[in-house]
$ cat model-v9.txt   # compact mmCIF, C-alpha atoms
# COMPACT_ATOMS: atom_id res chain seq x y z
CA GLY A 1 -35.43 -5.17 -9.62
CA ALA A 2 -35.43 -8.90 -9.17
CA GLN A 3 -31.79 -8.96 -8.02
CA GLY A 4 -32.51 -6.37 -5.35
CA VAL A 5 -35.43 -8.45 -3.99
CA ALA A 6 -33.27 -11.57 -4.06
CA ALA A 7 -30.47 -9.76 -2.19
CA ALA A 8 -32.89 -8.54 0.49
CA ALA A 9 -34.34 -12.03 0.87
CA ALA A 10 -30.86 -13.54 1.20
CA MET A 11 -29.89 -10.96 3.80
CA PHE A 12 -32.99 -11.63 5.92
CA ALA A 13 -32.38 -15.36 5.55
CA GLY A 14 -28.91 -14.90 7.05
CA ASP A 15 -26.95 -15.61 3.86
CA SER A 16 -24.74 -12.51 3.97
CA GLY A 17 -22.33 -13.89 1.36
CA MET A 18 -25.04 -14.32 -1.26
CA ALA A 19 -26.52 -10.93 -0.39
CA GLN A 20 -23.13 -9.26 -0.84
CA ARG A 21 -22.59 -10.91 -4.21
CA LEU A 22 -26.04 -9.92 -5.45
CA PHE A 23 -25.64 -6.33 -4.25
CA GLU A 24 -22.22 -6.10 -5.93
CA THR A 25 -23.63 -7.45 -9.18
CA GLN A 26 -26.47 -4.94 -9.06
CA ALA A 27 -24.08 -2.09 -8.22
CA ARG A 28 -21.76 -2.96 -11.10
CA GLY A 29 -24.69 -3.14 -13.50
CA ALA A 30 -26.02 0.24 -12.36
CA ALA A 31 -22.58 1.86 -12.59
CA ALA A 32 -21.98 0.42 -16.05
CA SER A 33 -25.27 1.81 -17.30
CA TRP A 34 -24.41 5.31 -16.10
CA LEU A 35 -20.63 5.48 -16.54
CA PRO A 36 -18.88 3.72 -19.43
CA GLY A 37 -15.98 1.66 -18.17
CA ALA A 38 -17.12 1.87 -14.54
CA ALA A 39 -17.49 -1.90 -14.24
CA ALA A 40 -13.92 -2.48 -15.43
CA ALA A 41 -12.59 0.20 -13.07
CA PHE A 42 -14.53 -1.38 -10.20
CA ALA A 43 -13.01 -4.77 -10.98
CA ARG A 44 -9.48 -3.36 -11.16
CA THR A 45 -9.86 -1.57 -7.83
CA ARG A 46 -11.59 -4.42 -6.06
CA CYS A 47 -8.70 -6.84 -6.62
CA TYR A 48 -6.49 -4.64 -4.41
CA PHE A 49 -8.78 -5.39 -1.45
CA ALA A 50 -8.82 -9.17 -2.00
CA VAL A 51 -6.87 -9.94 1.18
CA SER A 52 -7.00 -12.47 3.98
CA HIS A 53 -5.85 -12.43 7.60
CA ARG A 54 -2.79 -14.43 6.59
CA SER A 55 -1.87 -12.17 3.67
CA VAL A 56 -2.20 -9.05 5.84
CA ALA A 57 0.02 -10.59 8.52
CA GLU A 58 2.62 -11.56 5.91
CA LYS A 59 2.56 -8.06 4.43
CA LEU A 60 3.08 -6.46 7.83
CA ARG A 61 6.01 -8.79 8.46
CA ALA A 62 7.51 -7.91 5.08
CA VAL A 63 7.18 -4.17 5.75
CA LEU A 64 8.52 -4.21 9.31
CA PHE A 65 11.03 -7.08 9.01
CA PRO A 66 11.98 -7.16 5.32
CA TRP A 67 15.40 -8.75 5.98
CA THR A 68 13.66 -11.95 7.07
CA LYS A 69 12.05 -12.31 3.66
CA ARG A 70 13.76 -14.43 1.01
CA HIS A 71 11.45 -14.37 -2.02
CA TRP A 72 10.23 -11.10 -3.57
CA ARG A 73 9.07 -12.11 -7.03
CA ARG A 74 5.35 -11.70 -7.72
CA LYS A 75 3.46 -14.78 -8.84
CA ARG A 76 1.30 -15.07 -11.93
CA ALA A 77 -2.29 -16.20 -11.56
CA ASP A 78 -1.72 -19.16 -13.87
CA GLU A 79 1.03 -20.41 -11.54
CA LEU A 80 -1.53 -20.83 -8.78
CA GLY A 81 -4.47 -21.82 -10.96
CA GLY A 82 -6.66 -19.03 -9.59
CA ASP A 83 -8.08 -15.65 -10.48
CA GLY A 84 -5.70 -12.81 -11.24
CA SER A 85 -5.65 -9.04 -11.19
CA PRO A 86 -7.43 -7.59 -14.24
CA GLY A 87 -5.03 -6.08 -16.73
CA HIS A 88 -1.75 -7.83 -15.90
CA GLY A 89 -2.59 -11.36 -14.77
CA HIS A 90 -0.76 -11.35 -11.44
CA ALA A 91 -2.08 -13.34 -8.51
CA LEU A 92 -4.36 -11.61 -6.02
CA PRO A 93 -2.95 -10.37 -2.68
CA MET A 94 -4.68 -13.16 -0.76
CA HIS A 95 -2.74 -15.71 -2.83
CA ASP A 96 0.61 -13.93 -3.10
CA ALA A 97 2.38 -12.13 -0.24
CA ASN A 98 4.31 -10.03 -2.78
CA ALA A 99 1.21 -8.66 -4.52
CA PRO A 100 0.40 -5.02 -3.65
CA ASP A 101 -2.87 -4.30 -1.88
CA MET A 102 -4.69 -1.15 -0.85
CA TYR A 103 -6.20 -2.55 2.35
CA VAL A 104 -3.07 -2.31 4.50
CA PRO A 105 -2.05 1.20 3.30
CA LEU A 106 -5.58 2.57 3.73
CA VAL A 107 -6.07 1.17 7.24
CA ALA A 108 -2.57 2.31 8.25
CA PHE A 109 -3.21 5.77 6.80
CA VAL A 110 -6.38 6.27 8.85
CA THR A 111 -4.77 4.76 11.96
CA PHE A 112 -1.78 7.08 11.72
CA ALA A 113 -4.03 10.13 11.40
CA LEU A 114 -6.05 9.05 14.46
CA VAL A 115 -2.93 8.35 16.54
CA ALA A 116 -1.51 11.71 15.50
CA GLY A 117 -4.77 13.37 16.56
CA TYR A 118 -4.61 11.54 19.89
CA ALA A 119 -1.06 12.77 20.40
CA ARG A 120 -2.18 16.33 19.74
CA GLY A 121 -4.99 15.85 22.25
CA ARG A 122 -2.59 14.66 24.96
CA SER A 123 -0.41 17.69 24.41
CA GLY A 124 -3.41 20.03 24.46
CA THR A 125 -2.93 21.21 20.87
CA PHE A 126 -5.66 19.19 19.17
CA SER A 127 -8.11 20.91 16.87
CA PRO A 128 -10.16 19.86 13.84
CA ASP A 129 -7.91 22.06 11.72
CA ALA A 130 -4.81 20.22 12.95
CA LEU A 131 -6.34 16.84 12.07
CA ALA A 132 -7.34 18.15 8.65
CA ALA A 133 -3.77 19.43 8.14
CA ILE A 134 -2.39 15.94 8.88
CA PHE A 135 -4.74 14.36 6.33
CA THR A 136 -3.87 17.05 3.78
CA ARG A 137 -0.11 16.66 4.27
CA CYS A 138 -0.26 12.87 4.02
CA THR A 139 -2.52 12.92 0.98
CA GLY A 140 -0.45 15.55 -0.80
CA LEU A 141 2.81 13.68 -0.24
CA GLN A 142 1.18 10.40 -1.26
CA VAL A 143 0.06 11.87 -4.59
CA LEU A 144 3.48 13.42 -5.16
CA GLU A 145 5.31 10.18 -4.35
CA THR A 146 3.05 8.13 -6.58
CA GLY A 147 3.71 10.51 -9.46
CA LEU A 148 7.48 10.55 -8.92
CA TYR A 149 7.74 6.77 -8.62
CA SER A 150 5.60 6.30 -11.73
CA LEU A 151 7.82 8.71 -13.61
CA GLY A 152 10.92 6.87 -12.42
CA LEU A 153 9.52 3.53 -13.56
CA TRP A 154 8.63 5.07 -16.91
CA THR A 155 12.20 6.27 -17.42
CA LEU A 156 13.42 2.72 -16.79
CA GLY A 157 11.09 1.37 -19.45
CA ALA A 158 8.64 -0.28 -17.01
CA ARG A 159 5.60 1.49 -18.46
CA GLY A 160 3.04 -1.19 -17.77
CA VAL A 161 3.05 -0.88 -13.97
CA PRO A 162 -0.48 0.08 -12.83
CA LEU A 163 -0.82 3.34 -10.91
CA LEU A 164 -2.55 1.56 -8.03
CA ASP A 165 0.45 -0.76 -7.70
CA VAL A 166 2.68 2.27 -7.17
CA ALA A 167 0.18 3.84 -4.76
CA SER A 168 0.14 0.61 -2.76
CA TYR A 169 3.92 0.29 -2.58
CA THR A 170 4.35 3.90 -1.44
CA GLY A 171 1.42 3.59 0.98
CA TYR A 172 3.01 0.89 3.13
CA LYS A 173 5.07 3.58 4.85
CA TYR A 174 2.03 4.38 7.00
CA VAL A 175 2.56 1.11 8.83
CA SER A 176 5.98 2.41 9.90
CA LEU A 177 4.48 5.77 10.80
CA CYS A 178 1.94 4.09 13.08
CA VAL A 179 4.72 2.20 14.86
CA ASN A 180 6.72 5.40 15.31
CA ALA A 181 3.75 7.37 16.63
CA VAL A 182 2.88 4.67 19.16
CA ALA A 183 6.52 4.44 20.25
CA ALA A 184 6.57 8.18 20.86
CA GLN A 185 3.48 7.97 23.04
CA LEU A 186 4.75 5.03 25.07
CA GLY A 187 8.45 5.78 25.34
CA GLY A 188 8.99 9.45 24.56
CA ASP A 189 11.63 10.98 22.30
CA ARG A 190 14.24 8.24 22.69
CA ALA A 191 11.80 5.49 21.76
CA TYR A 192 10.59 7.54 18.81
CA THR A 193 14.12 8.16 17.55
CA PHE A 194 14.98 4.46 17.76
CA ALA A 195 11.72 3.47 16.04
CA LEU A 196 12.25 6.11 13.35
CA CYS A 197 15.75 4.88 12.52
CA TYR A 198 14.63 1.26 12.40
CA THR A 199 11.42 1.73 10.40
CA ALA A 200 13.09 4.13 7.95
CA LEU A 201 15.76 1.54 7.20
CA ALA A 202 13.18 -1.25 6.98
CA ALA A 203 10.90 0.74 4.66
CA SER A 204 13.81 1.73 2.45
CA TYR A 205 14.97 -1.89 2.19
CA PHE A 206 11.42 -3.07 1.49
CA MET A 207 10.99 -0.52 -1.29
CA LEU A 208 14.42 -1.26 -2.76
CA LYS A 209 13.71 -5.01 -2.99
CA THR A 210 10.18 -4.43 -4.28
CA MET A 211 11.20 -1.98 -6.98
CA ALA A 212 14.07 -4.24 -8.05
CA GLN A 213 11.44 -6.89 -8.84
CA THR A 214 9.01 -4.43 -10.41
CA VAL A 215 11.42 -3.52 -13.22
CA PRO A 216 11.91 -6.66 -15.35
CA SER A 217 15.47 -7.28 -16.47
CA GLU A 218 14.49 -7.26 -20.14
CA LEU A 219 13.19 -3.68 -19.78
CA GLU A 220 16.33 -2.23 -18.22
CA ASN A 221 17.85 0.59 -20.25
CA THR A 222 21.19 0.44 -18.48
CA ARG A 223 22.14 -1.42 -15.34
CA ALA A 224 23.71 1.65 -13.72
CA LYS A 225 20.65 3.79 -14.35
CA ARG A 226 18.38 1.11 -12.91
CA GLU A 227 20.42 0.76 -9.74
CA VAL A 228 20.52 4.51 -9.15
CA VAL A 229 16.77 4.99 -9.61
CA VAL A 230 15.90 1.98 -7.44
CA LEU A 231 18.25 3.24 -4.72
CA VAL A 232 16.56 6.66 -4.84
CA PHE A 233 13.18 4.94 -4.53
CA GLY A 234 14.34 3.27 -1.34
CA LEU A 235 15.86 6.40 0.20
CA LEU A 236 12.73 8.44 -0.50
CA GLN A 237 10.70 6.13 1.73
CA GLY A 238 12.96 6.84 4.70
CA LEU A 239 12.79 10.59 4.04
CA SER A 240 9.01 10.62 3.73
CA ILE A 241 8.65 8.69 6.99
CA TRP A 242 10.82 11.27 8.72
CA PHE A 243 8.90 14.17 7.17
CA LEU A 244 5.41 12.84 7.91
CA GLY A 245 6.44 11.64 11.37
CA ARG A 246 6.84 15.24 12.41
CA ALA A 247 3.07 15.62 12.03
CA GLY A 248 2.30 12.65 14.25
CA VAL A 249 4.45 13.16 17.34
$ encode --input "model-v9.txt" --output "structure tokens"
Amino acid sequence: GAQGVAAAAAMFAGDSGMAQRLFETQARGAAASWLPGAAAAFARTRCYFAVSHRSVAEKLRAVLFPWTKRHWRRKRADELGGDGSPGHGHALPMHDANAPDMYVPLVAFVTFALVAGYARGRSGTFSPDALAAIFTRCTGLQVLETGLYSLGLWTLGARGVPLLDVASYTGYKYVSLCVNAVAAQLGGDRAYTFALCYTALAASYFMLKTMAQTVPSELENTRAKREVVVLVFGLLQGLSIWFLGRAGV
């Protein structure tokens, strides 16, 4: 229709930003006409990819060097005077280093699978089936972890945490897995063991601090129960890094 012609004209004129906005508007309208609620789902998902170079760098620093971070509380959109995530009003990842995003986990996931495939190729054991097995193992564990963490948050009374938030938090472990896989290729078993110990501790600490902020104090059932569940959340990250790392080295 008219929006499609306008988008094409903007693209040929060199205005890629306007073309992207027009195409997105047209795509949302088409999806909404075919699938009820598709526009709202698109908006909820899109906010997890609203990142910047600075926010990605800050997230990588928080994942790999969490002990250098002092503030873990997520910011509300009204605190910054900007747009927020649909559904819970938190600031977007580009405006808040503590906001979960799907960009870093997704890129790290693909990178880890490719590095693992490269490692198999160097050892002469690469095959399409092996690469598919790595993707399957990572995806299966990711779904399982997301379900377990969501269940744990539900038992603590934090029942308003979006599923994509949990998927993001548990997906940051792929950054650590990439570091470990590269260390194994560059330095052998000793370098991998050192990297594994460090990144497992860092990921566990990152998850522990993040989950401690995810469960508001007014929703705590008992303090002891909260501390135990949050501690288990942190330990599971280290275990999953060890388990998945076996597929990448």
$ residues_near_point --input "model-v9.txt" --point "(1.8, -5.2, -10.3)" --cutoff "7 Å" --atoms "only C-alpha atoms" --output "list in words"
His90, Ala99, Pro100, Val161, Pro162 and Asp165 of chain A
$ closest_residue --input "model-v9.txt" --among "A:His95, A:Ala119, A:Phe206, A:Thr125" --to "Gly188 of chain A" --atoms "all atoms listed in the file"
A:Ala119
$ residues_around --input "model-v9.txt" --residues "Leu208 of chain A" --least-positions-apart "4" --cutoff "8 Å" --atoms "all atoms listed in the file" --output "PyMOL selection string"
chain A and resi 204+212+230-231+233-234
$ residues_near_point --input "model-v9.txt" --point "(-7.3, -1.0, -6.3)" --cutoff "10 Å" --atoms "all atoms listed in the file" --output "NGL selection string"
:A and (41-50 or 85 or 100-103 or 162-165 or 167-168)
$ atom_distance --input "model-v9.txt" --atom1 "atom CA of Ala91 of chain A" --atom2 "atom CA of Glu145 of chain A"
25.0 Å
$ residues_around --input "model-v9.txt" --residues "Ala116 of chain A" --least-positions-apart "3" --cutoff "10 Å" --atoms "all atoms listed in the file" --output "ChimeraX atom specification"
/A:110-113,119-122,126,130-131,134,177-178,181-182,185,245-249
$ write_last_selection --input "model-v9.txt" --atoms "C-alpha atoms" --output "CSV table (one decimal), in the frame of the given file"
chain,number,residue,atom,x,y,z
A,110,VAL,CA,-6.4,6.3,8.8
A,111,THR,CA,-4.8,4.8,12.0
A,112,PHE,CA,-1.8,7.1,11.7
A,113,ALA,CA,-4.0,10.1,11.4
A,119,ALA,CA,-1.1,12.8,20.4
A,120,ARG,CA,-2.2,16.3,19.7
A,121,GLY,CA,-5.0,15.8,22.2
A,122,ARG,CA,-2.6,14.7,25.0
A,126,PHE,CA,-5.7,19.2,19.2
A,130,ALA,CA,-4.8,20.2,13.0
A,131,LEU,CA,-6.3,16.8,12.1
A,134,ILE,CA,-2.4,15.9,8.9
A,177,LEU,CA,4.5,5.8,10.8
A,178,CYS,CA,1.9,4.1,13.1
A,181,ALA,CA,3.8,7.4,16.6
A,182,VAL,CA,2.9,4.7,19.2
A,185,GLN,CA,3.5,8.0,23.0
A,245,GLY,CA,6.4,11.6,11.4
A,246,ARG,CA,6.8,15.2,12.4
A,247,ALA,CA,3.1,15.6,12.0
A,248,GLY,CA,2.3,12.6,14.2
A,249,VAL,CA,4.4,13.2,17.3
$ atom_distance --input "model-v9.txt" --atom1 "atom CA of Arg74 of chain A" --atom2 "atom CA of Met207 of chain A"
14.1 Å
$ atom_distance --input "model-v9.txt" --atom1 "atom CA of Val215 of chain A" --atom2 "atom CA of Val228 of chain A"
12.8 Å
$ closest_residue --input "model-v9.txt" --among "A:Ala203, A:Val229, A:Val179, A:Ala77" --to "Tyr149 of chain A" --atoms "only C-alpha atoms"
A:Val229
$ closest_residue --input "model-v9.txt" --among "A:Tyr174, A:Phe65, A:Trp72, A:Tyr169" --to "Phe109 of chain A" --atoms "only C-alpha atoms"
A:Tyr174
$ closest_residue --input "model-v9.txt" --among "A:Thr193, A:Thr170, A:Ser127, A:Ser176" --to "Leu144 of chain A" --atoms "all atoms listed in the file"
A:Thr170
$ closest_residue --input "model-v9.txt" --among "A:Pro128, A:Gly152, A:Gly160, A:Gly147" --to "Met211 of chain A" --atoms "all atoms listed in the file"
A:Gly152
$ closest_residue --input "model-v9.txt" --among "A:Asn180, A:Thr139, A:Thr214, A:Ser52" --to "Lys75 of chain A" --atoms "all atoms listed in the file"
A:Thr214
$ residues_around --input "model-v9.txt" --residues "Ala97 of chain A" --least-positions-apart "6" --cutoff "7 Å" --atoms "all atoms listed in the file" --output "ChimeraX atom specification"
/A:55,58-59
